[in-house]
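Below is start.txt, holding compact mmCIF, C-alpha atoms and all ligand atoms.
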# COMPACT_ATOMS: atom_id res chain seq x y z
CA MET A 11 -36.57 -96.09 0.17
CA ASN A 12 -36.01 -98.95 -2.19
CA ASP A 13 -32.71 -100.70 -2.16
CA LYS A 14 -31.40 -99.23 -5.38
CA ASN A 15 -27.71 -99.77 -5.38
CA PHE A 16 -26.51 -98.74 -8.79
CA ASN A 17 -23.19 -100.28 -9.76
CA THR A 18 -21.71 -97.00 -10.85
CA ASP A 19 -18.22 -98.18 -9.98
CA SER A 20 -18.11 -101.40 -11.92
CA ASN A 21 -19.52 -99.71 -15.02
CA GLN A 22 -16.80 -97.09 -14.95
CA SER A 23 -14.02 -99.48 -15.80
CA LEU A 24 -13.24 -98.64 -19.38
CA PHE A 25 -10.91 -100.41 -21.71
CA GLN A 26 -7.41 -100.76 -20.24
CA PHE A 27 -4.10 -101.59 -21.82
CA HIS A 28 -1.91 -104.26 -20.26
CA ASP A 29 1.32 -102.32 -20.24
CA CYS A 30 3.40 -99.72 -22.06
CA ASN A 31 4.16 -102.01 -24.98
CA ASP A 32 0.46 -102.51 -25.44
CA VAL A 33 -0.10 -98.76 -25.48
CA ILE A 34 2.78 -98.16 -27.85
CA ALA A 35 1.47 -100.81 -30.22
CA HIS A 36 -1.71 -98.75 -30.56
CA LEU A 37 -0.14 -95.31 -30.89
CA GLY A 38 -0.12 -95.49 -34.68
CA ASP A 39 -3.86 -95.95 -34.81
CA TYR A 40 -4.24 -93.40 -32.04
CA LEU A 41 -2.36 -90.85 -34.09
CA ASP A 42 -4.41 -91.74 -37.18
CA LYS A 43 -7.56 -91.37 -35.09
CA GLU A 44 -8.54 -94.92 -35.97
CA LEU A 45 -8.94 -96.19 -32.44
CA PRO A 46 -12.37 -96.76 -30.92
CA ALA A 47 -13.33 -94.11 -28.37
CA VAL A 48 -12.77 -96.37 -25.36
CA GLN A 49 -9.25 -97.19 -26.50
CA ARG A 50 -8.51 -93.55 -27.24
CA ALA A 51 -9.62 -92.70 -23.74
CA ALA A 52 -7.40 -95.45 -22.34
CA VAL A 53 -4.41 -94.11 -24.30
CA ASP A 54 -5.15 -90.57 -23.08
CA GLU A 55 -5.35 -91.85 -19.55
CA HIS A 56 -2.11 -93.80 -19.83
CA LEU A 57 -0.22 -90.89 -21.44
CA ASP A 58 -1.43 -88.76 -18.57
CA GLU A 59 0.42 -90.83 -16.02
CA CYS A 60 3.29 -92.36 -17.99
CA PRO A 61 6.19 -90.06 -18.91
CA GLU A 62 7.90 -92.77 -20.99
CA CYS A 63 4.92 -93.27 -23.27
CA THR A 64 4.33 -89.53 -23.43
CA ALA A 65 7.92 -89.04 -24.56
CA PHE A 66 7.57 -91.87 -27.05
CA TYR A 67 4.34 -90.45 -28.41
CA ALA A 68 5.89 -87.00 -28.85
CA SER A 69 8.86 -88.51 -30.71
CA TYR A 70 6.65 -90.79 -32.74
CA LYS A 71 4.38 -87.95 -33.74
CA HIS A 72 7.37 -85.87 -34.73
CA VAL A 73 8.75 -88.68 -36.92
CA VAL A 74 5.39 -89.27 -38.57
CA GLN A 75 4.90 -85.58 -39.25
CA SER A 76 8.44 -85.18 -40.56
CA ALA A 77 7.90 -88.15 -42.83
CA ALA A 78 4.65 -86.64 -44.09
CA GLU A 79 6.35 -83.33 -44.81
CA LEU A 80 9.21 -85.03 -46.62
CA ARG A 81 6.77 -87.04 -48.67
CA GLU A 82 5.22 -83.81 -49.90
CA ASP A 83 8.61 -82.70 -51.13
CA GLU A 84 9.18 -86.11 -52.69
CA GLN A 85 12.39 -86.66 -50.79
CA PRO A 86 13.53 -90.02 -49.40
CA LEU A 87 12.58 -90.82 -45.81
CA PRO A 88 15.30 -90.23 -43.22
CA VAL A 89 15.67 -93.91 -42.42
CA ASP A 90 18.83 -93.48 -40.37
CA VAL A 91 17.21 -90.82 -38.21
CA SER A 92 14.15 -92.93 -37.70
CA ASN A 93 16.17 -96.02 -36.83
CA ARG A 94 18.39 -94.10 -34.44
CA LEU A 95 15.29 -92.90 -32.67
CA ARG A 96 13.87 -96.40 -32.55
CA ARG A 97 17.08 -97.82 -31.12
CA ALA A 98 17.18 -95.16 -28.44
CA LEU A 99 13.58 -95.83 -27.54
CA ASN A 100 14.12 -99.58 -27.54
CA GLU A 101 16.99 -99.20 -25.12
CA ARG A 102 15.19 -96.74 -22.92
CA LEU A 103 11.87 -98.53 -22.78
CA GLY A 104 13.17 -102.09 -23.06
CA ILE A 105 10.99 -102.79 -26.08
CA SER A 106 11.85 -103.95 -29.58
CA LEU A 107 10.45 -101.75 -32.28
CA PRO A 108 11.35 -103.05 -35.71
CA TYR A 109 13.87 -101.03 -37.66
CA ILE A 110 12.99 -99.59 -41.01
CA ALA A 111 14.84 -101.37 -43.77
ZN ZN B 201 3.52 -96.27 -20.56
Output the file's structure as structure tokens, nothing else.
Ligand SMILES: [Zn+2]
Amino acid sequence: MNDKNFNTDSNQSLFQFHDCNDVIAHLGDYLDKELPAVQRAAVDEHLDECPECTAFYASYKHVVQSAAELREDEQPLPVDVSNRLRRALNERLGISLPYIA
């Protein structure tokens, strides 16, 4: 037999995010389906094992969808609701999402 040692392991390492903030920074594009496949896979993988980011993603998605629905009705965005959510997430995750002015 020839010595064919395929490096299956080293080729498996896909794109990886540094930390939760890094993941969260990409969730917008993730939700808009604008992330490259490797990054989407990395987000999926992270959400799989990180309850904080999963919770954030669920809240974020809810806010985005609510905003989209409100936009259809031509009503103003619920800025206070959105900012309250951001503050809660900032405190819980120790991050600093910008508030909506
Ligand atoms: Zn995380």
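Across A:Tyr40, A:Tyr70, A:Phe27, A:Tyr109, the tightest approach to His56 in chain A is made by A:Phe27 when counting all atoms listed in the file.
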Would you mind listing the residues within 7 Å of ligand ZN 201 (chain B), counting all atoms listed in the file, as a list in words?
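The residues near ligand ZN 201 (chain B) are Asp29, Cys30, Val33, His56, Leu57, Cys60, Pro61, Glu62 and Cys63 of chain A.
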Looking at A:Pro46, A:Leu41, A:Val91, A:Ala111, which one is nearest to Gln75 in chain A, with distances taken over only C-alpha atoms?
A:Leu41
What does the structure give for the distance between CA of Ala65 in chain A and CA of Arg102 in chain A, in Å to one decimal?
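These two atoms are separated by 10.7 Å.
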Set up a box along x, y and z of the file covering all listed atoms of range 72-78 of chain A, add 5 Å on every one of the six sides, and write the centre and edge lengths in Å to one decimal, as lines of an AutoDock Vina configuration file.
center_x = 6.7
center_y = -87.2
center_z = -39.4
size_x = 14.1
size_y = 14.1
size_z = 19.4
Calculated over only C-alpha atoms, which of the candidates A:Val73, A:Ile110, A:Ala68, A:Leu37 has the smallest distance to Asn93 in chain A?
A:Ile110
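Candidate residues A:Ser69, A:Gln26, A:Ser76, A:Asn31 were compared for distance to Glu55 in chain A, and the nearest is A:Gln26, using all atoms listed in the file.
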Measure the distance from CA of Ala51 in chain A to CA of Phe25 in chain A in Å and round it to one decimal.
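Computing it gives 8.1 Å between the two atoms.
Of the residues under consideration (A:Val89, A:Leu80, A:Ile34, A:Val74), A:Ile34 shows the shortest atom-to-atom contact distance to Asp54 in chain A when counting only C-alpha atoms.
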Nearest to Ala52 in chain A: which of A:Arg96, A:Phe66, A:Leu107, A:Asp32 is it, counting only C-alpha atoms?
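Result for the nearest residue to Ala52 in chain A: A:Asp32.
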